[in-house]
file upload39.pdb (PDB, C-alpha atoms and all ligand atoms)
MODEL        1
ATOM      1  CA  MET A   1       9.968 -18.349 -19.610
ATOM      2  CA  ILE A   2       6.892 -19.280 -17.572
ATOM      3  CA  VAL A   3       6.018 -22.933 -17.897
ATOM      4  CA  ARG A   4       3.282 -23.620 -15.430
ATOM      5  CA  PRO A   5       0.458 -21.546 -13.999
ATOM      6  CA  ARG A   6       0.554 -20.397 -10.441
ATOM      7  CA  LYS A   7      -0.733 -22.750  -7.780
ATOM      8  CA  LYS A   8      -3.868 -21.272  -6.281
ATOM      9  CA  LEU A   9      -3.035 -19.720  -2.935
ATOM     10  CA  LYS A  10      -5.737 -17.888  -1.091
ATOM     11  CA  LYS A  11      -5.661 -14.675   0.940
ATOM     12  CA  GLY A  12      -3.252 -11.811   1.058
ATOM     13  CA  ASN A  13      -1.435 -12.987   4.125
ATOM     14  CA  LEU A  14       1.211 -15.646   4.100
ATOM     15  CA  HIS A  15       0.202 -18.138   6.735
ATOM     16  CA  ASN A  16       3.337 -20.147   6.257
ATOM     17  CA  THR A  17       5.597 -17.302   7.346
ATOM     18  CA  LEU A  18       7.989 -19.179   9.577
ATOM     19  CA  SER A  19      10.586 -16.528  10.065
ATOM     20  CA  GLU A  20      10.098 -12.807  10.274
ATOM     21  CA  TYR A  21       8.815 -11.099   7.151
ATOM     22  CA  ARG A  22      11.276  -8.507   5.865
ATOM     23  CA  GLY A  23      10.435  -6.646   2.700
ATOM     24  CA  ARG A  24      12.028  -3.733   0.942
ATOM     25  CA  PHE A  25      11.635  -0.985  -1.611
ATOM     26  CA  ALA A  26      14.802  -0.324  -3.564
ATOM     27  CA  PRO A  27      14.511   2.655  -5.909
ATOM     28  CA  SER A  28      17.355   3.729  -8.179
ATOM     29  CA  PRO A  29      17.680   7.501  -7.820
ATOM     30  CA  SER A  30      17.996   8.215 -11.529
ATOM     31  CA  GLY A  31      15.008  10.519 -11.039
ATOM     32  CA  SER A  32      12.089  11.241  -8.728
ATOM     33  CA  LEU A  33       9.325   8.716  -8.141
ATOM     34  CA  HIS A  34       6.666   8.323 -10.808
ATOM     35  CA  PHE A  35       3.456   6.306 -10.739
ATOM     36  CA  GLY A  36       5.292   3.081 -11.707
ATOM     37  CA  SER A  37       7.746   3.262  -8.820
ATOM     38  CA  LEU A  38       4.963   4.291  -6.462
ATOM     39  CA  ILE A  39       3.155   1.043  -7.232
ATOM     40  CA  ALA A  40       6.296  -0.902  -6.279
ATOM     41  CA  ALA A  41       6.541   1.063  -3.039
ATOM     42  CA  THR A  42       2.845   0.530  -2.272
ATOM     43  CA  ALA A  43       2.747  -3.199  -3.063
ATOM     44  CA  SER A  44       5.924  -4.014  -1.130
ATOM     45  CA  TYR A  45       4.782  -1.871   1.819
ATOM     46  CA  LEU A  46       1.325  -3.415   2.046
ATOM     47  CA  ASP A  47       2.585  -6.965   1.696
ATOM     48  CA  ALA A  48       5.061  -6.352   4.541
ATOM     49  CA  LYS A  49       2.595  -4.566   6.806
ATOM     50  CA  ALA A  50      -0.244  -7.053   6.195
ATOM     51  CA  ASN A  51       2.180  -9.771   7.293
ATOM     52  CA  GLN A  52       3.267  -7.852  10.419
ATOM     53  CA  GLY A  53       6.643  -7.536   8.784
ATOM     54  CA  LYS A  54       9.374  -4.969   8.503
ATOM     55  CA  TRP A  55       9.701  -2.784   5.417
ATOM     56  CA  LEU A  56      13.104  -1.377   4.565
ATOM     57  CA  LEU A  57      14.172   1.361   2.216
ATOM     58  CA  ARG A  58      17.304   0.891   0.156
ATOM     59  CA  ILE A  59      18.613   3.527  -2.203
ATOM     60  CA  GLU A  60      20.248   1.801  -5.177
ATOM     61  CA  ASP A  61      22.708   4.578  -5.983
ATOM     62  CA  LEU A  62      25.171   2.137  -7.431
ATOM     63  CA  ASP A  63      25.717   3.762 -10.761
ATOM     64  CA  GLN A  64      26.929   7.128  -9.491
ATOM     65  CA  PRO A  65      27.083   8.856 -12.889
ATOM     66  CA  ARG A  66      23.386   8.084 -13.355
ATOM     67  CA  VAL A  67      22.316   9.396  -9.946
ATOM     68  CA  GLN A  68      20.388  12.577 -10.530
ATOM     69  CA  ALA A  69      21.178  15.490  -8.242
ATOM     70  CA  GLY A  70      18.453  15.905  -5.646
ATOM     71  CA  ALA A  71      16.688  12.648  -6.578
ATOM     72  CA  ILE A  72      17.476  10.859  -3.315
ATOM     73  CA  ARG A  73      16.122  13.712  -1.228
ATOM     74  CA  SER A  74      13.042  14.035  -3.360
ATOM     75  CA  ILE A  75      12.313  10.265  -3.162
ATOM     76  CA  ILE A  76      12.621  10.288   0.633
ATOM     77  CA  ARG A  77      10.517  13.424   1.014
ATOM     78  CA  LEU A  78       7.785  12.022  -1.179
ATOM     79  CA  LEU A  79       7.666   8.693   0.654
ATOM     80  CA  GLU A  80       7.445  10.551   3.957
ATOM     81  CA  ALA A  81       4.712  12.857   2.692
ATOM     82  CA  TYR A  82       2.730   9.858   1.424
ATOM     83  CA  GLY A  83       2.863   8.219   4.853
ATOM     84  CA  PHE A  84       5.288   5.357   4.168
ATOM     85  CA  GLU A  85       7.123   4.349   7.333
ATOM     86  CA  TRP A  86      10.311   2.363   6.966
ATOM     87  CA  ASP A  87      11.881   0.329   9.697
ATOM     88  CA  GLU A  88      15.612   0.592  10.289
ATOM     89  CA  GLU A  89      18.080   2.954   8.697
ATOM     90  CA  ILE A  90      18.091   3.591   4.958
ATOM     91  CA  LEU A  91      20.778   1.537   3.220
ATOM     92  CA  TYR A  92      22.740   3.258   0.449
ATOM     93  CA  GLN A  93      24.443   1.054  -2.105
ATOM     94  CA  SER A  94      27.109   3.719  -2.614
ATOM     95  CA  GLN A  95      28.337   2.810   0.874
ATOM     96  CA  ARG A  96      28.461  -0.911   0.257
ATOM     97  CA  PHE A  97      31.253  -1.283  -2.303
ATOM     98  CA  SER A  98      33.511  -3.285   0.028
ATOM     99  CA  ALA A  99      30.717  -5.839   0.549
ATOM    100  CA  TYR A 100      30.338  -6.234  -3.221
ATOM    101  CA  GLU A 101      34.097  -6.629  -3.602
ATOM    102  CA  SER A 102      34.114  -9.345  -0.922
ATOM    103  CA  ALA A 103      31.436 -11.224  -2.832
ATOM    104  CA  ILE A 104      33.522 -10.941  -6.018
ATOM    105  CA  ASN A 105      36.536 -12.276  -4.118
ATOM    106  CA  GLU A 106      34.517 -15.206  -2.878
ATOM    107  CA  LEU A 107      33.336 -16.016  -6.388
ATOM    108  CA  SER A 108      36.898 -15.691  -7.604
ATOM    109  CA  LEU A 109      38.141 -18.182  -5.008
ATOM    110  CA  SER A 110      35.464 -20.661  -6.080
ATOM    111  CA  LYS A 111      36.489 -20.030  -9.736
ATOM    112  CA  HIS A 112      33.097 -18.830 -10.874
ATOM    113  CA  ILE A 113      34.221 -15.584 -12.459
ATOM    114  CA  TYR A 114      36.662 -14.448 -15.105
ATOM    115  CA  PRO A 115      37.958 -11.146 -16.405
ATOM    116  CA  CYS A 116      36.695 -10.035 -19.797
ATOM    117  CA  CYS A 117      38.331  -7.476 -22.071
ATOM    118  CA  CYS A 118      35.821  -7.628 -24.930
ATOM    119  CA  THR A 119      34.699  -4.269 -26.189
ATOM    120  CA  ARG A 120      31.053  -3.535 -26.872
ATOM    121  CA  LYS A 121      31.790  -3.846 -30.584
ATOM    122  CA  GLN A 122      33.459  -7.254 -30.186
ATOM    123  CA  ILE A 123      30.589  -8.489 -28.053
ATOM    124  CA  LYS A 124      28.054  -7.417 -30.682
ATOM    125  CA  GLN A 125      30.008  -9.112 -33.449
ATOM    126  CA  THR A 126      30.235 -12.472 -31.687
ATOM    127  CA  ALA A 127      27.042 -12.605 -29.612
ATOM    128  CA  THR A 128      23.893 -14.497 -30.499
ATOM    129  CA  MET A 129      20.408 -13.103 -29.959
ATOM    130  CA  GLY A 130      18.573 -14.684 -27.031
ATOM    131  CA  PRO A 131      15.051 -14.195 -25.675
ATOM    132  CA  TYR A 132      16.211 -11.353 -23.380
ATOM    133  CA  GLY A 133      18.874  -9.721 -25.532
ATOM    134  CA  LEU A 134      22.385 -10.474 -26.707
ATOM    135  CA  ILE A 135      24.083 -13.564 -25.316
ATOM    136  CA  TYR A 136      27.798 -13.073 -24.783
ATOM    137  CA  ALA A 137      29.791 -15.663 -26.753
ATOM    138  CA  GLY A 138      32.000 -16.482 -23.762
ATOM    139  CA  THR A 139      35.162 -15.442 -25.613
ATOM    140  CA  CYS A 140      37.211 -14.504 -22.531
ATOM    141  CA  ARG A 141      36.055 -17.549 -20.582
ATOM    142  CA  ARG A 142      38.873 -19.374 -22.342
ATOM    143  CA  GLY A 143      41.352 -16.673 -21.365
ATOM    144  CA  MET A 144      42.072 -13.169 -22.570
ATOM    145  CA  PRO A 145      44.475 -12.329 -25.398
ATOM    146  CA  ILE A 146      47.963 -11.233 -24.277
ATOM    147  CA  SER A 147      47.211  -7.832 -25.767
ATOM    148  CA  ALA A 148      44.305  -7.278 -23.343
ATOM    149  CA  GLY A 149      44.244  -3.814 -21.825
ATOM    150  CA  SER A 150      43.587  -3.056 -18.188
ATOM    151  CA  GLN A 151      39.923  -2.108 -18.814
ATOM    152  CA  GLN A 152      38.332  -5.392 -17.830
ATOM    153  CA  SER A 153      34.927  -6.367 -16.636
ATOM    154  CA  THR A 154      34.186  -9.339 -14.408
ATOM    155  CA  ARG A 155      31.816 -12.008 -15.693
ATOM    156  CA  LEU A 156      30.087 -14.871 -13.968
ATOM    157  CA  ILE A 157      30.263 -18.346 -15.492
ATOM    158  CA  THR A 158      26.739 -19.636 -16.056
ATOM    159  CA  HIS A 159      25.537 -23.212 -16.523
ATOM    160  CA  ASN A 160      22.558 -24.596 -18.347
ATOM    161  CA  ASP A 161      20.770 -26.488 -15.586
ATOM    162  CA  ALA A 162      17.254 -25.178 -15.051
ATOM    163  CA  ILE A 163      16.884 -22.526 -12.378
ATOM    164  CA  SER A 164      13.298 -22.301 -11.269
ATOM    165  CA  PHE A 165      11.257 -20.618  -8.600
ATOM    166  CA  GLU A 166       7.611 -20.274  -7.696
ATOM    167  CA  ASP A 167       6.506 -16.672  -7.996
ATOM    168  CA  ARG A 168       3.606 -15.936  -5.627
ATOM    169  CA  LEU A 169       1.669 -14.279  -8.424
ATOM    170  CA  GLN A 170       3.099 -15.507 -11.728
ATOM    171  CA  GLY A 171       3.545 -19.191 -10.942
ATOM    172  CA  GLU A 172       6.572 -21.307 -11.739
ATOM    173  CA  TYR A 173       9.299 -19.595 -13.705
ATOM    174  CA  VAL A 174      12.198 -21.448 -15.275
ATOM    175  CA  GLN A 175      15.338 -20.185 -16.946
ATOM    176  CA  HIS A 176      18.468 -21.805 -18.369
ATOM    177  CA  LEU A 177      21.084 -19.152 -17.828
ATOM    178  CA  SER A 178      23.767 -20.224 -20.211
ATOM    179  CA  SER A 179      21.501 -20.555 -23.257
ATOM    180  CA  GLU A 180      19.048 -17.760 -22.426
ATOM    181  CA  ILE A 181      21.240 -15.109 -20.756
ATOM    182  CA  GLY A 182      24.925 -16.056 -21.067
ATOM    183  CA  ASP A 183      27.826 -15.252 -18.752
ATOM    184  CA  PHE A 184      26.813 -11.931 -17.254
ATOM    185  CA  VAL A 185      28.747  -8.994 -15.879
ATOM    186  CA  LEU A 186      29.167  -8.531 -12.118
ATOM    187  CA  LYS A 187      31.504  -5.565 -12.306
ATOM    188  CA  ARG A 188      31.776  -3.283 -15.285
ATOM    189  CA  SER A 189      35.067  -2.279 -16.851
ATOM    190  CA  ASP A 190      34.562   1.246 -15.410
ATOM    191  CA  GLY A 191      34.555  -0.305 -11.910
ATOM    192  CA  ILE A 192      30.817  -0.040 -11.301
ATOM    193  CA  TYR A 193      29.270  -3.102  -9.666
ATOM    194  CA  ALA A 194      26.340  -4.598 -11.529
ATOM    195  CA  TYR A 195      22.798  -4.416 -10.196
ATOM    196  CA  GLN A 196      22.566  -8.253 -10.178
ATOM    197  CA  LEU A 197      25.428  -8.574  -7.726
ATOM    198  CA  ALA A 198      24.589  -5.621  -5.487
ATOM    199  CA  VAL A 199      20.920  -6.510  -5.136
ATOM    200  CA  VAL A 200      21.753 -10.076  -4.085
ATOM    201  CA  VAL A 201      24.429  -9.045  -1.592
ATOM    202  CA  ASP A 202      22.149  -6.401  -0.066
ATOM    203  CA  ASP A 203      19.002  -8.533   0.048
ATOM    204  CA  ASP A 204      21.022 -11.049   2.039
ATOM    205  CA  TYR A 205      22.666  -8.391   4.219
ATOM    206  CA  GLN A 206      19.258  -6.928   5.075
ATOM    207  CA  LYS A 207      17.818 -10.447   5.603
ATOM    208  CA  ILE A 208      15.053  -9.781   3.104
ATOM    209  CA  SER A 209      12.523 -12.613   3.180
ATOM    210  CA  ASP A 210      10.186 -11.272   0.497
ATOM    211  CA  ILE A 211      10.799  -9.363  -2.691
ATOM    212  CA  VAL A 212       7.785  -7.626  -4.192
ATOM    213  CA  ARG A 213       8.577  -5.752  -7.407
ATOM    214  CA  GLY A 214       7.484  -5.202 -10.994
ATOM    215  CA  ASN A 215       7.534  -8.007 -13.536
ATOM    216  CA  ASP A 216      10.028  -6.084 -15.645
ATOM    217  CA  LEU A 217      12.532  -7.688 -13.249
ATOM    218  CA  LEU A 218      11.081 -11.203 -13.491
ATOM    219  CA  ASP A 219      13.680 -12.373 -15.988
ATOM    220  CA  ASN A 220      16.493 -11.074 -13.740
ATOM    221  CA  THR A 221      15.446 -13.333 -10.891
ATOM    222  CA  ALA A 222      17.088 -16.572 -12.053
ATOM    223  CA  ARG A 223      20.433 -14.732 -12.277
ATOM    224  CA  GLN A 224      19.923 -13.503  -8.732
ATOM    225  CA  ILE A 225      18.974 -16.964  -7.461
ATOM    226  CA  TYR A 226      22.082 -18.425  -9.091
ATOM    227  CA  LEU A 227      24.228 -15.851  -7.299
ATOM    228  CA  GLN A 228      22.442 -16.603  -4.010
ATOM    229  CA  GLN A 229      23.262 -20.272  -4.515
ATOM    230  CA  LEU A 230      26.940 -19.610  -5.251
ATOM    231  CA  LEU A 231      27.304 -17.280  -2.268
ATOM    232  CA  GLY A 232      25.425 -19.593   0.084
ATOM    233  CA  TYR A 233      22.570 -17.140   0.709
ATOM    234  CA  LYS A 234      18.987 -17.937   1.583
ATOM    235  CA  GLN A 235      16.544 -17.525  -1.293
ATOM    236  CA  PRO A 236      13.758 -15.016  -0.634
ATOM    237  CA  ARG A 237      10.185 -15.452  -1.847
ATOM    238  CA  TYR A 238       9.234 -13.445  -4.917
ATOM    239  CA  LEU A 239       6.127 -11.656  -6.095
ATOM    240  CA  HIS A 240       6.292  -9.863  -9.437
ATOM    241  CA  PHE A 241       3.304  -7.688 -10.277
ATOM    242  CA  PRO A 242       2.522  -6.323 -13.756
ATOM    243  CA  ILE A 243       4.036  -2.925 -14.299
ATOM    244  CA  ALA A 244       2.137   0.191 -15.281
ATOM    245  CA  LEU A 245       2.464   1.174 -18.931
ATOM    246  CA  ASP A 246       1.869   4.490 -20.629
ATOM    247  CA  GLU A 247      -0.656   4.911 -23.443
ATOM    248  CA  ASN A 248       1.930   3.694 -25.971
ATOM    249  CA  GLY A 249       2.511   0.484 -24.050
ATOM    250  CA  ASN A 250       5.920   1.593 -22.745
ATOM    251  CA  LYS A 251       7.098   1.107 -19.181
ATOM    252  CA  LEU A 252       6.679   4.251 -17.102
ATOM    253  CA  SER A 253      10.189   5.482 -16.564
ATOM    254  CA  LYS A 254      12.236   8.589 -16.496
ATOM    255  CA  THR A 255      13.503   7.884 -20.016
ATOM    256  CA  ASN A 256       9.905   7.764 -21.221
ATOM    257  CA  HIS A 257       9.149  11.037 -19.429
ATOM    258  CA  ALA A 258       6.716   9.588 -16.896
ATOM    259  CA  PRO A 259       5.408  12.482 -14.790
ATOM    260  CA  GLU A 260       6.817  12.796 -11.268
ATOM    261  CA  ALA A 261       4.449  12.053  -8.402
ATOM    262  CA  GLU A 262       3.752  15.290  -6.555
ATOM    263  CA  ILE A 263       3.945  15.781  -2.796
ATOM    264  CA  LYS A 264       0.423  17.227  -2.600
ATOM    265  CA  ASP A 265      -1.202  14.242  -4.342
ATOM    266  CA  GLY A 266      -0.577  11.571  -1.690
ATOM    267  CA  LEU A 267      -4.158  10.459  -1.114
ATOM    268  CA  LYS A 268      -4.987  10.534  -4.817
ATOM    269  CA  ASN A 269      -1.860   8.659  -5.924
ATOM    270  CA  ILE A 270      -2.003   5.963  -3.256
ATOM    271  CA  HIS A 271      -5.699   5.475  -4.054
ATOM    272  CA  LYS A 272      -4.783   5.138  -7.731
ATOM    273  CA  SER A 273      -2.000   2.658  -6.884
ATOM    274  CA  LEU A 274      -4.466   0.558  -4.878
ATOM    275  CA  GLN A 275      -6.827   0.497  -7.831
ATOM    276  CA  PHE A 276      -4.007  -0.507 -10.124
ATOM    277  CA  LEU A 277      -3.158  -3.316  -7.709
ATOM    278  CA  GLY A 278      -6.762  -4.566  -7.881
ATOM    279  CA  GLN A 279      -7.528  -3.774  -4.240
ATOM    280  CA  MET A 280     -10.823  -1.999  -4.995
ATOM    281  CA  PRO A 281     -10.704   0.666  -2.282
ATOM    282  CA  PRO A 282     -13.881   2.606  -1.397
ATOM    283  CA  LYS A 283     -14.036   5.978  -3.099
ATOM    284  CA  MET A 284     -11.360   8.498  -2.245
ATOM    285  CA  THR A 285     -13.708  10.937  -0.544
ATOM    286  CA  ASP A 286     -14.461   8.273   2.093
ATOM    287  CA  PHE A 287     -10.992   8.856   3.512
ATOM    288  CA  ALA A 288     -10.373  12.046   5.467
ATOM    289  CA  HIS A 289      -6.650  11.455   5.742
ATOM    290  CA  ILE A 290      -4.032   9.324   4.042
ATOM    291  CA  THR A 291      -3.537   7.376   7.302
ATOM    292  CA  ASP A 292      -7.137   6.173   7.026
ATOM    293  CA  LEU A 293      -6.479   4.968   3.504
ATOM    294  CA  TRP A 294      -3.344   3.114   4.630
ATOM    295  CA  ASN A 295      -5.244   1.488   7.507
ATOM    296  CA  TRP A 296      -7.913   0.320   5.102
ATOM    297  CA  ALA A 297      -5.313  -0.912   2.617
ATOM    298  CA  ILE A 298      -3.306  -2.892   5.187
ATOM    299  CA  ASP A 299      -6.476  -4.514   6.574
ATOM    300  CA  HIS A 300      -7.716  -5.468   3.123
ATOM    301  CA  TRP A 301      -4.473  -6.319   1.309
ATOM    302  CA  ASP A 302      -4.938  -9.363  -0.909
ATOM    303  CA  TYR A 303      -2.191  -9.912  -3.461
ATOM    304  CA  ASN A 304      -4.367 -12.439  -5.290
ATOM    305  CA  LYS A 305      -6.455  -9.514  -6.510
ATOM    306  CA  ILE A 306      -3.547  -8.107  -8.508
ATOM    307  CA  MET A 307      -4.160  -8.702 -12.201
ATOM    308  CA  ARG A 308      -1.688 -11.004 -13.854
TER     309      ARG A 308
HETATM  310  N1  LIG B   1      16.563  -0.479  -8.205
HETATM  311  C1  LIG B   1      15.657  -1.206  -9.043
HETATM  312  C2  LIG B   1      14.744  -0.237  -9.762
HETATM  313  O1  LIG B   1      14.600   0.897  -9.337
HETATM  314  C3  LIG B   1      14.786  -2.185  -8.285
HETATM  315  C4  LIG B   1      15.539  -3.351  -7.842
HETATM  316  C5  LIG B   1      14.721  -4.460  -7.223
HETATM  317  O2  LIG B   1      13.610  -4.233  -6.720
HETATM  318  O3  LIG B   1      15.241  -5.565  -7.201
HETATM  319  O4  LIG B   1      14.165  -0.623 -10.756
ENDMDL
END

call {"tool": "encode", "arguments": {"input": "upload39.pdb", "output": "C-alpha cells", "more": "lines below"}}
Ligand code: GLU
result
Amino acid sequence: MIVRPRKKLKKGNLHNTLSEYRGRFAPSPSGSLHFGSLIAATASYLDAKANQGKWLLRIEDLDQPRVQAGAIRSIIRLLEAYGFEWDEEILYQSQRFSAYESAINELSLSKHIYPCCCTRKQIKQTATMGPYGLIYAGTCRRGMPISAGSQQSTRLITHNDAISFEDRLQGEYVQHLSSEIGDFVLKRSDGIYAYQLAVVVDDDYQKISDIVRGNDLLDNTARQIYLQQLLGYKQPRYLHFPIALDENGNKLSKTNHAPEAEIKDGLKNIHKSLQFLGQMPPKMTDFAHITDLWNWAIDHWDYNKIMR
C-alpha cells in the first residue's frame, strides 16, 4: 500500500544519474501490441532517450504455452514501423532458462526456497484472502507429506519486515510480503519459471537502471526487490504510470479484447500515447513524419506531467 506522497522532483530528466541509464520494454507475446502496451513502450523509450540512456527490448516469452503464434514478429514489426530504436540485441526469456535455474540453485543453497506439492484446491482451502489475492498458508514450508507426488512447485520464503521503495511518480510504497502476499512461486509445478524470478534475473543481467511500466505491476515490485536483495543484485529505480482502461474500467489487455495497434497508425497512436502520458504535444498535423514527433517528444519529456 502507498503510505506517503511522492517527494516533489522537478523536470523530466534525472540529474542524479550517476551511472549509465539503461531502460527496457518487456512485452509478453501473448498477443500483438495494443494501446496499453504501446504506452509502456513509449514511456520507457522517452525516459531512456531523454536521459541519454540505452533502451532495450526483451521478449518475455517465458510461458511458452501462452505465446501466441506470430505475436513476437508482429510486436517487433510494429515497434520498428513506429520508429522505436532499441540498443543491443533483443533478449528472449525462452533462451534464459539456465540463468533462472542458477538463481533457484543459489536461493536453495541459502535456504530461501522450498518445494511445494499443494494442489490448487488445497491452496484455496487453506489460504487466507489478502489485499492482492489469496495468501498461501505456508503448508509445505514445514515439509511435504511423504505421499507427495513429483509435481512440485518452488516457493520463496517471505518475511514480514517492511520492503519499501520510492517510486518516481507514485511516492513511497511499502509492503510486508509475508502478511500481504505470502510465500510465492518461483517455478511452477509444470516447470515454467515465474515472471517474478525471470524479470529480476534479466533486469540484473541487462544492467537495467530504470524500470518504467504500468502501475498494474506496482504491487509486484516489493517481491522483485526482495529477490534482488537475496540474489545480491542492484535495485533499479522505478516509475509506475497509471494504465489505460477501457470504457468499463478494465485494463486494456488481450483477454479484454483490446484492439491491436495497426502498423499504418504510427503517428496517430504515438501522438495519442503522448497525450495519455500528459505530454501535451502540438497537434498531430504539425508533424510531417513520425521522426519529428519523436524528436519533439524526447526534447519535451517530463514524467512529472503524467497523471497519477
Ligand atoms: N512482461 C510484462 C507484461 O507484458 C511486463 C513486465 C515488466 O515490465 O516488468 O506485462

call {"tool": "residues_near_ligand", "arguments": {"input": "upload39.pdb", "ligand": "ligand LIG 1 (chain B)", "cutoff": "9 Å", "atoms": "only C-alpha atoms and all ligand atoms", "output": "list in words"}}
result
Arg24, Phe25, Ala26, Pro27, Ser28, Pro29, Ser30, Ser37, Ala40, Arg58, Ile59, Glu60, Asp61, Tyr195, Gln196, Val199, Val200, Asp203, Ile211, Val212, Arg213, Gly214, Asp216, Leu217, Asn220 and Thr221 of chain A

call {"tool": "atom_distance", "arguments": {"input": "upload39.pdb", "atom1": "CA of Leu56 (chain A)", "atom2": "CA of Leu156 (chain A)"}}
result
28.5 Å

call {"tool": "axis_aligned_box", "arguments": {"input": "upload39.pdb", "around": "region 196-210 of chain A", "padding_each_side": "3 Å", "output": "JSON"}}
result
{"center_x": 17.8, "center_y": -9.1, "center_z": -2.3, "size_x": 21.2, "size_y": 13.0, "size_z": 21.8}

call {"tool": "closest_residue", "arguments": {"input": "upload39.pdb", "among": "A:Ser153, A:Gln224, A:Thr126, A:Ser273", "to": "Leu177 (chain A)", "atoms": "all atoms listed in the file"}}
result
A:Gln224

call {"tool": "resolve_selection", "arguments": {"input": "upload39.pdb", "expression": "the PyMOL selection byres (((chain A and resi 207) around 12) and not hetatm)", "output": "compact mmCIF listing (two decimals) with C-alpha atoms, in the frame of the given file"}}
result
# COMPACT_ATOMS: atom_id res chain seq x y z
CA SER A 19 10.59 -16.53 10.06
CA GLU A 20 10.10 -12.81 10.27
CA TYR A 21 8.82 -11.10 7.15
CA ARG A 22 11.28 -8.51 5.86
CA GLY A 23 10.44 -6.65 2.70
CA ARG A 24 12.03 -3.73 0.94
CA GLY A 53 6.64 -7.54 8.78
CA LYS A 54 9.37 -4.97 8.50
CA TRP A 55 9.70 -2.78 5.42
CA LEU A 56 13.10 -1.38 4.57
CA VAL A 199 20.92 -6.51 -5.14
CA VAL A 200 21.75 -10.08 -4.08
CA VAL A 201 24.43 -9.04 -1.59
CA ASP A 202 22.15 -6.40 -0.07
CA ASP A 203 19.00 -8.53 0.05
CA ASP A 204 21.02 -11.05 2.04
CA TYR A 205 22.67 -8.39 4.22
CA GLN A 206 19.26 -6.93 5.08
CA ILE A 208 15.05 -9.78 3.10
CA SER A 209 12.52 -12.61 3.18
CA ASP A 210 10.19 -11.27 0.50
CA ILE A 211 10.80 -9.36 -2.69
CA TYR A 233 22.57 -17.14 0.71
CA LYS A 234 18.99 -17.94 1.58
CA GLN A 235 16.54 -17.52 -1.29
CA PRO A 236 13.76 -15.02 -0.63
CA ARG A 237 10.18 -15.45 -1.85

call {"tool": "resolve_selection", "arguments": {"input": "upload39.pdb", "expression": "the PyMOL selection byres (((chain A and resi 185) around 9) and not hetatm)", "output": "list of chain:residue names"}}
result
A:Cys116, A:Ser153, A:Thr154, A:Arg155, A:Leu156, A:Asp183, A:Phe184, A:Leu186, A:Lys187, A:Arg188, A:Tyr193, A:Ala194, A:Gln196, A:Leu197

call {"tool": "residues_around", "arguments": {"input": "upload39.pdb", "residues": "Ser110 (chain A)", "least_positions_apart": "6", "cutoff": "10 Å", "atoms": "all atoms listed in the file", "output": "list in words"}}
result
Ile104, Leu230 and Leu231 of chain A

call {"tool": "resolve_selection", "arguments": {"input": "upload39.pdb", "expression": "the PyMOL selection byres (((chain A and resi 95) around 12) and not hetatm)", "output": "VMD selection string"}}
result
chain A and resid 58 to 64 90 to 94 96 to 101 198 202

call {"tool": "atom_distance", "arguments": {"input": "upload39.pdb", "atom1": "CA of Ile146 (chain A)", "atom2": "CA of Ser102 (chain A)"}}
result
27.2 Å
